[in-house]
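Structure data (compact mmCIF, C-alpha atoms (C1' of nucleotides)) from data.txt:
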# COMPACT_ATOMS: atom_id res chain seq x y z
CA MET A 30 132.37 149.07 119.27
CA LYS A 31 129.50 148.08 117.10
CA ALA A 32 128.53 144.44 116.88
CA PRO A 33 130.61 142.84 114.13
CA GLU A 34 128.10 142.58 111.34
CA SER A 35 128.11 139.52 109.23
CA ILE A 36 129.94 139.46 105.94
CA SER A 37 127.99 138.18 102.98
CA GLU A 38 129.29 135.71 100.46
CA ALA A 39 129.97 138.29 97.76
CA GLU A 40 131.53 140.65 100.25
CA SER A 41 133.87 137.94 101.46
CA VAL A 42 135.16 137.46 97.95
CA VAL A 43 136.17 141.11 97.80
CA LEU A 44 137.60 140.96 101.28
CA ALA A 45 139.70 137.99 100.24
CA VAL A 46 141.46 140.16 97.68
CA LEU A 47 142.37 142.64 100.38
CA TRP A 48 143.69 139.88 102.59
CA GLU A 49 145.82 138.67 99.75
CA ARG A 50 147.38 142.00 98.85
CA GLY A 51 147.15 143.84 102.11
CA SER A 52 145.50 146.78 100.41
CA ALA A 53 144.07 147.73 97.07
CA THR A 54 141.98 150.25 95.19
CA ALA A 55 138.58 149.45 93.75
CA GLU A 56 140.23 149.14 90.39
CA ASP A 57 142.78 146.66 91.72
CA VAL A 58 140.05 144.53 93.17
CA THR A 59 138.13 144.57 89.93
CA ALA A 60 141.22 143.52 88.05
CA ALA A 61 142.03 140.81 90.55
CA LEU A 62 138.57 139.33 90.28
CA GLY A 63 138.28 139.84 86.57
CA GLU A 64 138.46 136.21 85.60
CA GLN A 65 136.94 134.64 88.65
CA ARG A 66 133.69 136.55 88.85
CA ASN A 67 132.35 138.71 86.11
CA TRP A 68 131.46 141.73 88.16
CA GLN A 69 131.11 145.28 86.96
CA GLU A 70 133.31 147.75 88.76
CA SER A 71 130.07 149.23 90.00
CA THR A 72 129.29 146.05 91.84
CA ILE A 73 132.67 145.94 93.48
CA LYS A 74 132.28 149.51 94.66
CA THR A 75 128.97 148.65 96.25
CA LEU A 76 130.55 145.71 98.02
CA LEU A 77 133.43 147.82 99.22
CA SER A 78 130.96 150.38 100.59
CA ARG A 79 129.05 147.74 102.44
CA LEU A 80 132.24 146.32 103.89
CA LEU A 81 133.14 149.83 105.02
CA GLN A 82 129.80 150.31 106.70
CA LYS A 83 130.17 146.99 108.42
CA GLY A 84 133.52 148.08 109.72
CA ALA A 85 135.32 145.19 108.09
CA ILE A 86 137.70 147.36 106.08
CA ARG A 87 139.00 150.89 106.11
CA ALA A 88 139.55 153.42 103.33
CA GLU A 89 142.47 155.75 103.16
CA LYS A 90 142.34 158.59 100.71
CA ASN A 91 145.21 158.66 98.31
CA GLY A 92 144.96 161.43 95.75
CA ARG A 93 141.60 161.10 94.16
CA ARG A 94 140.97 157.52 95.07
CA PHE A 95 140.73 155.34 98.11
CA ILE A 96 143.03 152.59 99.17
CA TYR A 97 141.14 149.92 101.02
CA SER A 98 142.62 147.58 103.57
CA PRO A 99 141.16 144.95 105.88
CA LEU A 100 140.32 145.68 109.47
CA LEU A 101 138.76 142.31 110.09
CA ALA A 102 141.49 139.68 110.10
CA ARG A 103 141.09 136.61 108.01
CA LYS A 104 141.67 134.45 111.03
CA GLN A 105 138.89 136.08 112.96
CA TRP A 106 136.56 135.67 110.07
CA LEU A 107 137.48 132.03 109.62
CA SER A 108 136.89 131.38 113.30
CA LYS A 109 133.58 133.11 113.35
CA GLU A 110 132.26 131.42 110.25
CA SER A 111 133.55 128.04 111.27
CA GLU A 112 132.08 128.24 114.69
CA SER A 113 128.67 129.25 113.52
CA PHE A 114 128.76 126.54 110.90
CA LEU A 115 129.80 123.88 113.37
CA ASN A 116 127.22 125.04 115.86
CA ARG A 117 124.45 124.85 113.34
CA LEU A 118 125.36 121.45 111.98
CA PHE A 119 127.61 119.53 114.31
CA GLY A 120 126.96 120.59 117.86
CA GLY A 121 129.82 123.02 117.77
CA ARG A 122 132.63 120.50 117.56
CA VAL A 123 135.01 119.53 114.83
CA ALA A 124 135.26 115.80 115.40
CA PRO A 125 131.69 114.98 114.36
CA LEU A 126 132.23 116.76 111.07
CA VAL A 127 135.33 114.71 110.38
CA ALA A 128 133.42 111.59 111.37
CA HIS A 129 130.70 112.48 108.90
CA PHE A 130 133.24 112.91 106.15
CA SER A 131 134.86 109.67 107.08
CA ARG A 132 131.59 107.75 106.91
CA GLU A 133 130.85 109.31 103.56
CA ARG A 134 134.29 108.40 102.24
CA LYS A 135 135.09 112.01 101.63
CA LEU A 136 138.47 111.98 103.31
CA SER A 137 141.33 112.01 100.86
CA LYS A 138 144.62 110.27 101.54
CA ARG A 139 146.05 113.70 101.94
CA ASP A 140 143.46 114.67 104.52
CA ILE A 141 144.19 111.55 106.50
CA ARG A 142 147.91 112.10 106.39
CA GLU A 143 147.57 115.71 107.46
CA LEU A 144 145.26 114.81 110.26
CA ARG A 145 147.61 112.15 111.51
CA ASP A 146 150.55 114.54 111.48
CA LEU A 147 148.50 117.14 113.24
CA LEU A 148 147.53 114.78 116.01
CA ARG A 149 151.07 113.61 116.41
CA ASP A 150 152.17 117.21 116.91
CA LEU A 151 149.43 117.78 119.42
CA GLU A 152 150.61 114.87 121.53
CA GLY A 153 154.15 116.05 121.49
CA GLU A 154 153.11 119.21 123.26
CA MET B 18 113.60 116.12 89.32
CA LYS B 19 113.97 119.77 90.08
CA ALA B 20 117.29 121.07 91.29
CA PRO B 21 117.45 120.63 95.05
CA GLU B 22 116.77 124.13 96.24
CA SER B 23 118.70 125.41 99.14
CA ILE B 24 117.26 125.19 102.61
CA SER B 25 117.40 128.36 104.64
CA GLU B 26 118.51 128.55 108.25
CA ALA B 27 115.02 128.82 109.69
CA GLU B 28 113.76 126.09 107.42
CA SER B 29 116.51 123.77 108.55
CA VAL B 30 115.42 124.18 112.14
CA VAL B 31 111.96 122.96 111.26
CA LEU B 32 113.38 120.19 109.15
CA ALA B 33 115.49 119.08 112.09
CA VAL B 34 112.36 118.37 114.07
CA LEU B 35 111.10 116.11 111.31
CA TRP B 36 114.40 114.27 111.19
CA GLU B 37 114.19 113.73 114.91
CA ARG B 38 110.68 112.36 115.00
CA GLY B 39 110.34 110.95 111.54
CA SER B 40 107.11 112.82 111.03
CA ALA B 41 105.01 115.46 112.72
CA THR B 42 102.12 117.87 112.33
CA ALA B 43 102.53 121.62 112.30
CA GLU B 44 101.35 121.64 115.87
CA ASP B 45 103.93 119.06 116.90
CA VAL B 46 106.68 121.12 115.35
CA THR B 47 105.48 124.23 117.09
CA ALA B 48 105.45 122.41 120.40
CA ALA B 49 108.85 120.90 119.82
CA LEU B 50 110.37 124.28 119.08
CA GLY B 51 108.43 126.09 121.75
CA GLU B 52 111.32 126.75 124.07
CA GLN B 53 114.11 126.96 121.53
CA ARG B 54 112.70 129.58 119.19
CA ASN B 55 109.73 131.71 119.93
CA TRP B 56 107.90 131.27 116.70
CA GLN B 57 104.20 131.71 116.13
CA GLU B 58 102.49 128.70 114.66
CA SER B 59 101.90 130.89 111.65
CA THR B 60 105.60 131.16 111.09
CA ILE B 61 106.09 127.42 111.29
CA LYS B 62 103.35 126.88 108.75
CA THR B 63 105.06 129.23 106.37
CA LEU B 64 108.32 127.38 106.79
CA LEU B 65 106.63 124.03 106.24
CA SER B 66 105.04 125.36 103.06
CA ARG B 67 108.35 126.56 101.77
CA LEU B 68 109.98 123.24 102.56
CA LEU B 69 107.16 121.56 100.66
CA GLN B 70 107.66 123.76 97.64
CA LYS B 71 111.35 123.06 97.73
CA GLY B 72 110.62 119.36 97.72
CA ALA B 73 112.44 118.78 100.98
CA ILE B 74 109.47 117.28 102.78
CA ARG B 75 106.15 115.70 101.94
CA ALA B 76 102.69 116.10 103.45
CA GLU B 77 100.25 113.31 103.95
CA LYS B 78 96.69 114.16 104.78
CA ASN B 79 95.44 112.61 107.96
CA GLY B 80 91.92 113.64 108.84
CA ARG B 81 91.82 117.36 108.79
CA ARG B 82 95.50 117.95 109.14
CA PHE B 83 98.74 117.08 107.42
CA ILE B 84 101.50 114.91 108.67
CA TYR B 85 104.83 116.11 107.38
CA SER B 86 107.87 113.95 106.91
CA PRO B 87 111.30 114.54 105.43
CA LEU B 88 112.17 113.67 101.88
CA LEU B 89 115.63 115.16 102.00
CA ALA B 90 117.82 113.00 104.22
CA ARG B 91 119.78 114.61 106.97
CA LYS B 92 122.93 113.00 105.66
CA GLN B 93 122.48 114.51 102.25
CA TRP B 94 121.88 117.89 103.71
CA LEU B 95 124.92 117.63 105.98
CA SER B 96 127.08 116.67 103.04
CA LYS B 97 125.83 119.44 100.86
CA GLU B 98 126.19 122.13 103.46
CA SER B 99 129.56 120.89 104.63
CA GLU B 100 130.95 120.75 101.17
CA SER B 101 129.88 124.22 100.25
CA PHE B 102 131.22 125.54 103.52
CA LEU B 103 134.56 123.82 103.13
CA ASN B 104 134.81 124.96 99.54
CA ARG B 105 134.19 128.54 100.46
CA LEU B 106 136.58 128.66 103.36
CA PHE B 107 139.09 125.85 103.28
CA GLY B 108 139.70 124.80 99.73
CA GLY B 109 137.19 122.01 100.00
CA ARG B 110 139.12 119.84 102.42
CA VAL B 111 138.59 118.96 106.05
CA ALA B 112 142.16 118.88 107.28
CA PRO B 113 142.79 122.62 106.92
CA LEU B 114 139.75 123.34 109.03
CA VAL B 115 140.98 121.08 111.78
CA ALA B 116 144.40 122.70 111.50
CA HIS B 117 142.82 126.09 111.92
CA PHE B 118 141.01 124.95 115.03
CA SER B 119 144.16 123.45 116.35
CA ARG B 120 146.12 126.65 115.91
CA GLU B 121 143.37 128.58 117.60
CA ARG B 122 143.29 126.14 120.50
CA LYS B 123 139.70 125.31 119.79
CA LEU B 124 140.13 121.55 119.93
CA SER B 125 138.75 120.02 123.08
CA LYS B 126 140.30 116.97 124.70
CA ARG B 127 137.27 115.13 123.55
CA ASP B 128 137.74 116.27 119.95
CA ILE B 129 141.31 115.11 120.02
CA ARG B 130 140.43 111.74 121.49
CA GLU B 131 137.67 111.21 118.95
CA LEU B 132 139.90 112.21 116.08
CA ARG B 133 142.61 109.86 117.25
CA ASP B 134 140.16 106.97 117.51
CA LEU B 135 138.78 107.76 114.13
CA LEU B 136 142.18 107.73 112.51
CA ARG B 137 143.07 104.50 114.22
CA ASP B 138 139.94 102.91 112.76
CA LEU B 139 140.75 104.24 109.34
CA GLU B 140 144.16 102.63 109.39
CA GLY B 141 142.73 99.32 110.45
CA GLU B 142 140.77 99.13 107.23
C1' DT C 17 71.90 122.45 110.98
C1' DG C 18 74.25 126.48 112.19
C1' DT C 19 78.15 128.15 114.10
C1' DA C 20 82.60 127.93 116.53
C1' DA C 21 87.11 126.00 116.18
C1' DC C 22 90.75 124.48 113.66
C1' DT C 23 94.06 124.11 109.81
C1' DG C 24 96.19 125.00 105.59
C1' DT C 25 96.70 128.85 101.96
C1' DT C 26 97.36 133.66 100.71
C1' DT C 27 99.02 137.85 101.43
C1' DA C 28 102.19 141.06 103.80
C1' DC C 29 106.22 143.51 104.87
C1' DA C 30 110.82 144.94 106.20
C1' DC C 31 115.43 143.88 105.45
C1' DA C 32 119.67 141.71 103.33
C1' DC C 33 121.82 140.57 99.17
C1' DG C 34 123.46 140.36 94.36
C1' DT C 35 123.95 143.15 90.78
C1' DA C 36 124.41 147.40 88.55
C1' DG C 37 123.22 152.23 86.61
C1' DT C 38 123.27 157.32 87.48
C1' DC C 39 124.90 161.56 89.54
C1' DG C 40 127.78 164.98 91.34
C1' DA C 41 132.27 166.35 92.64
C1' DA C 42 137.05 166.37 91.93
C1' DT C 43 140.85 166.31 88.81
C1' DC C 44 143.67 166.01 84.76
C1' DG C 45 144.97 167.27 80.29
C1' DG C 46 145.13 170.66 76.86
C1' DC D 22 140.46 177.99 82.48
C1' DC D 23 137.34 174.48 80.35
C1' DG D 24 135.91 170.26 78.88
C1' DA D 25 136.64 165.28 79.49
C1' DT D 26 137.49 161.76 82.61
C1' DT D 27 137.39 159.44 86.82
C1' DC D 28 135.72 158.25 91.35
C1' DG D 29 132.95 157.45 95.11
C1' DA D 30 128.03 158.12 96.74
C1' DC D 31 123.39 157.47 95.92
C1' DT D 32 119.67 155.13 93.88
C1' DA D 33 117.52 150.97 92.01
C1' DC D 34 115.40 146.62 91.64
C1' DG D 35 114.31 141.68 91.79
C1' DT D 36 114.67 137.82 94.93
C1' DG D 37 115.12 135.19 99.31
C1' DT D 38 114.30 135.24 104.11
C1' DG D 39 112.32 135.83 108.76
C1' DT D 40 108.29 136.71 110.72
C1' DA D 41 103.42 136.77 110.98
C1' DA D 42 98.41 138.24 110.23
C1' DA D 43 94.18 137.56 107.43
C1' DC D 44 91.32 134.46 105.06
C1' DA D 45 88.83 130.42 103.57
C1' DG D 46 87.40 125.83 103.78
C1' DT D 47 86.19 122.05 106.62
C1' DT D 48 84.97 119.54 110.61
C1' DA D 49 82.88 118.97 115.08
C1' DC D 50 79.89 120.11 118.56
C1' DA D 51 75.65 122.14 120.50
Output the file's structure in the form of structure tokens.
Amino acid sequence: MKAPESISEAESVVLAVLWERGSATAEDVTAALGEQRNWQESTIKTLLSRLLQKGAIRAEKNGRRFIYSPLLARKQWLSKESESFLNRLFGGRVAPLVAHFSRERKLSKRDIRELRDLLRDLEGE
Amino acid sequence: MKAPESISEAESVVLAVLWERGSATAEDVTAALGEQRNWQESTIKTLLSRLLQKGAIRAEKNGRRFIYSPLLARKQWLSKESESFLNRLFGGRVAPLVAHFSRERKLSKRDIRELRDLLRDLEGE
DNA sequence: TGTAACTGTTTACACACGTAGTCGAATCGG
DNA sequence: CCGATTCGACTACGTGTGTAAACAGTTACA
């Protein structure tokens, strides 16, 4: 099992489409991203290839084209990215990040409410 | 005022030393990072130059060498990085990230305690 | 005062990334 | 069966990054 290579920003955008639909052709992805990013289909194909090489997705031949689907789960990716981010900036823990946001007044009412609910649930366990 | 160019990973490590000590020479930085990363002094000088060009630090001549000190504040950098991270992965808000960590059982007792205290303080405002 | 030591500046280079064009093979339509 | 179309694979290219050596100017010591 090769070391899970890191997914680049642009690649993750393509991957996100696959997470959303489960699977898709290059054309589907291009259509899905049409408005968001203005990428040529060529670009998307390159990104799909790189994701393939990195083992993050798989390609199943269907007629003359490939159907791509994720191998790397969104959850795994989120965890990996989050951890490396928190390690780099906040000593690997979540609380200091929240504290930073709090000090900077970047916590919305909604954030606060959700956090409170979350903690309440945790205590009920 | 030129657009605040983005600080790379390696650059941020050097910058962190300056935040810690307020100011330092290239030699100081090399010494400070000696154990952590195994960089040649040459490498550190390159990184300092790039930080200079990006306007993230300043250099004050002292005798035959420069004393470098941060221009970009750690807080600013934290905010910027955090925001772009949260935007990319969690719709720009903190709560979903914490929820993710909670689901994945990545919240330490300490995290939970700190979060609870933080919320208590917020309500007392 | 000449030369060694030091320190910043220049140059280097491989690799990842964003972005995309070209090519060759397969296929579809007539 | 042949030309047109359609795909994926290969190639391309500028830029940022990690990493560092070479060079040049200046200072300090013998």
For Arg81 of chain B, which residue among C:DG18, C:DG34, C:DG24, C:DG46 is the nearest when counting only C-alpha atoms (C1' of nucleotides)?
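Of C:DG18, C:DG34, C:DG24, C:DG46, the one nearest Arg81 of chain B, counting only C-alpha atoms (C1' of nucleotides), is C:DG24.
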Kindly assemble as a Markdown table a list of the chain A residues that lie within 10 Å of chain D, each paired with its nearest atom pair and their distance in Å to one decimal, using all atoms listed in the file, sorted first by chain and then by ascending residue number.
| residue | atom | partner | partner_atom | distance |
| --- | --- | --- | --- | --- |
| A:Ala55 | CA | D:DC28 | C1' | 9.6 |
| A:Lys74 | CA | D:DG29 | C1' | 8.0 |
| A:Thr75 | CA | D:DA30 | C1' | 9.5 |
| A:Ser78 | CA | D:DA30 | C1' | 9.1 |
| A:Arg93 | CA | D:DC28 | C1' | 7.1 |
| A:Arg94 | CA | D:DC28 | C1' | 6.5 |
| A:Phe95 | CA | D:DG29 | C1' | 8.6 |
Write down, as an NGL selection string, each residue of chain A that has any atom within 12 Å of an atom of chain C, counting all atoms listed in the file.
:A and (34-40 or 66-76 or 79 or 92-94)
I'd like to know which of A:Leu115, A:Leu151, A:Ala53, A:Ala124 is closest to chain B, using only C-alpha atoms.
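The shortest atom-to-atom distance to chain B comes from A:Ala124.
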Which chain B residues have any atom within 8 Å of an atom of chain A, and for each, what is the nearest pair of atoms with distance in Å to one decimal, counting all atoms listed in the file, rows sorted by chain and number, as a Markdown table?
| residue | atom | partner | partner_atom | distance |
| --- | --- | --- | --- | --- |
| B:Leu95 | CA | A:Leu118 | CA | 7.1 |
| B:Ser96 | CA | A:Phe130 | CA | 7.9 |
| B:Phe102 | CA | A:Phe114 | CA | 7.8 |
| B:Leu106 | CA | A:Leu107 | CA | 7.2 |
| B:Arg110 | CA | A:Asp140 | CA | 7.1 |
| B:Val111 | CA | A:Asp140 | CA | 6.7 |
| B:Ala112 | CA | A:Asp140 | CA | 5.2 |
| B:Val115 | CA | A:Val123 | CA | 6.9 |
| B:Ala116 | CA | A:Leu147 | CA | 7.1 |
| B:Phe118 | CA | A:Ser108 | CA | 7.8 |
| B:Leu124 | CA | A:Val123 | CA | 7.5 |
| B:Asp128 | CA | A:Ala124 | CA | 5.2 |
| B:Ile129 | CA | A:Leu148 | CA | 7.4 |
| B:Glu131 | CA | A:Ala124 | CA | 6.3 |
| B:Leu132 | CA | A:Ala124 | CA | 5.9 |
| B:Arg133 | CA | A:Leu148 | CA | 7.1 |
| B:Leu135 | CA | A:Ala128 | CA | 7.1 |
| B:Leu136 | CA | A:Arg145 | CA | 7.1 |
May I ask for the distance between atom CA of Asp57 of chain A and atom CA of Leu80 of chain A, given in Å to one decimal place?
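Spanning atom CA of Asp57 of chain A to atom CA of Leu80 of chain A is a straight-line distance of 16.1 Å.
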Complete the atoms of segment 87-101 of chain B to N, CA and C atoms and put them out as a PDB file, in the coordinates of the input.
ATOM      1  N   PRO B  87     110.178 114.106 106.267  1.00  0.00           N
ATOM      2  CA  PRO B  87     111.300 114.540 105.430  1.00  0.00           C
ATOM      3  C   PRO B  87     111.424 113.712 104.167  1.00  0.00           C
ATOM      4  N   LEU B  88     111.786 114.370 103.099  1.00  0.00           N
ATOM      5  CA  LEU B  88     112.170 113.670 101.880  1.00  0.00           C
ATOM      6  C   LEU B  88     113.690 113.756 101.752  1.00  0.00           C
ATOM      7  N   LEU B  89     114.180 114.942 102.011  1.00  0.00           N
ATOM      8  CA  LEU B  89     115.630 115.160 102.000  1.00  0.00           C
ATOM      9  C   LEU B  89     116.211 114.512 103.254  1.00  0.00           C
ATOM     10  N   ALA B  90     117.196 113.663 103.064  1.00  0.00           N
ATOM     11  CA  ALA B  90     117.820 113.000 104.220  1.00  0.00           C
ATOM     12  C   ALA B  90     118.807 113.933 104.899  1.00  0.00           C
ATOM     13  N   ARG B  91     118.864 113.781 106.191  1.00  0.00           N
ATOM     14  CA  ARG B  91     119.780 114.610 106.970  1.00  0.00           C
ATOM     15  C   ARG B  91     121.216 114.472 106.462  1.00  0.00           C
ATOM     16  N   LYS B  92     121.580 113.251 106.170  1.00  0.00           N
ATOM     17  CA  LYS B  92     122.930 113.000 105.660  1.00  0.00           C
ATOM     18  C   LYS B  92     123.230 113.823 104.411  1.00  0.00           C
ATOM     19  N   GLN B  93     122.291 113.758 103.487  1.00  0.00           N
ATOM     20  CA  GLN B  93     122.480 114.510 102.250  1.00  0.00           C
ATOM     21  C   GLN B  93     122.675 115.986 102.522  1.00  0.00           C
ATOM     22  N   TRP B  94     121.819 116.468 103.393  1.00  0.00           N
ATOM     23  CA  TRP B  94     121.880 117.890 103.710  1.00  0.00           C
ATOM     24  C   TRP B  94     123.220 118.230 104.348  1.00  0.00           C
ATOM     25  N   LEU B  95     123.622 117.411 105.325  1.00  0.00           N
ATOM     26  CA  LEU B  95     124.920 117.630 105.980  1.00  0.00           C
ATOM     27  C   LEU B  95     126.034 117.675 104.946  1.00  0.00           C
ATOM     28  N   SER B  96     126.020 116.721 104.035  1.00  0.00           N
ATOM     29  CA  SER B  96     127.080 116.670 103.040  1.00  0.00           C
ATOM     30  C   SER B  96     127.104 117.921 102.186  1.00  0.00           C
ATOM     31  N   LYS B  97     125.938 118.282 101.737  1.00  0.00           N
ATOM     32  CA  LYS B  97     125.830 119.440 100.860  1.00  0.00           C
ATOM     33  C   LYS B  97     126.324 120.712 101.550  1.00  0.00           C
ATOM     34  N   GLU B  98     125.811 120.931 102.722  1.00  0.00           N
ATOM     35  CA  GLU B  98     126.190 122.130 103.460  1.00  0.00           C
ATOM     36  C   GLU B  98     127.682 122.123 103.791  1.00  0.00           C
ATOM     37  N   SER B  99     128.148 120.980 104.230  1.00  0.00           N
ATOM     38  CA  SER B  99     129.560 120.890 104.630  1.00  0.00           C
ATOM     39  C   SER B  99     130.456 121.157 103.438  1.00  0.00           C
ATOM     40  N   GLU B 100     130.100 120.552 102.324  1.00  0.00           N
ATOM     41  CA  GLU B 100     130.950 120.750 101.170  1.00  0.00           C
ATOM     42  C   GLU B 100     131.003 122.195 100.748  1.00  0.00           C
ATOM     43  N   SER B 101     129.840 122.840 100.729  1.00  0.00           N
ATOM     44  CA  SER B 101     129.880 124.220 100.250  1.00  0.00           C
ATOM     45  C   SER B 101     130.628 125.094 101.259  1.00  0.00           C
TER      46      SER B 101
END
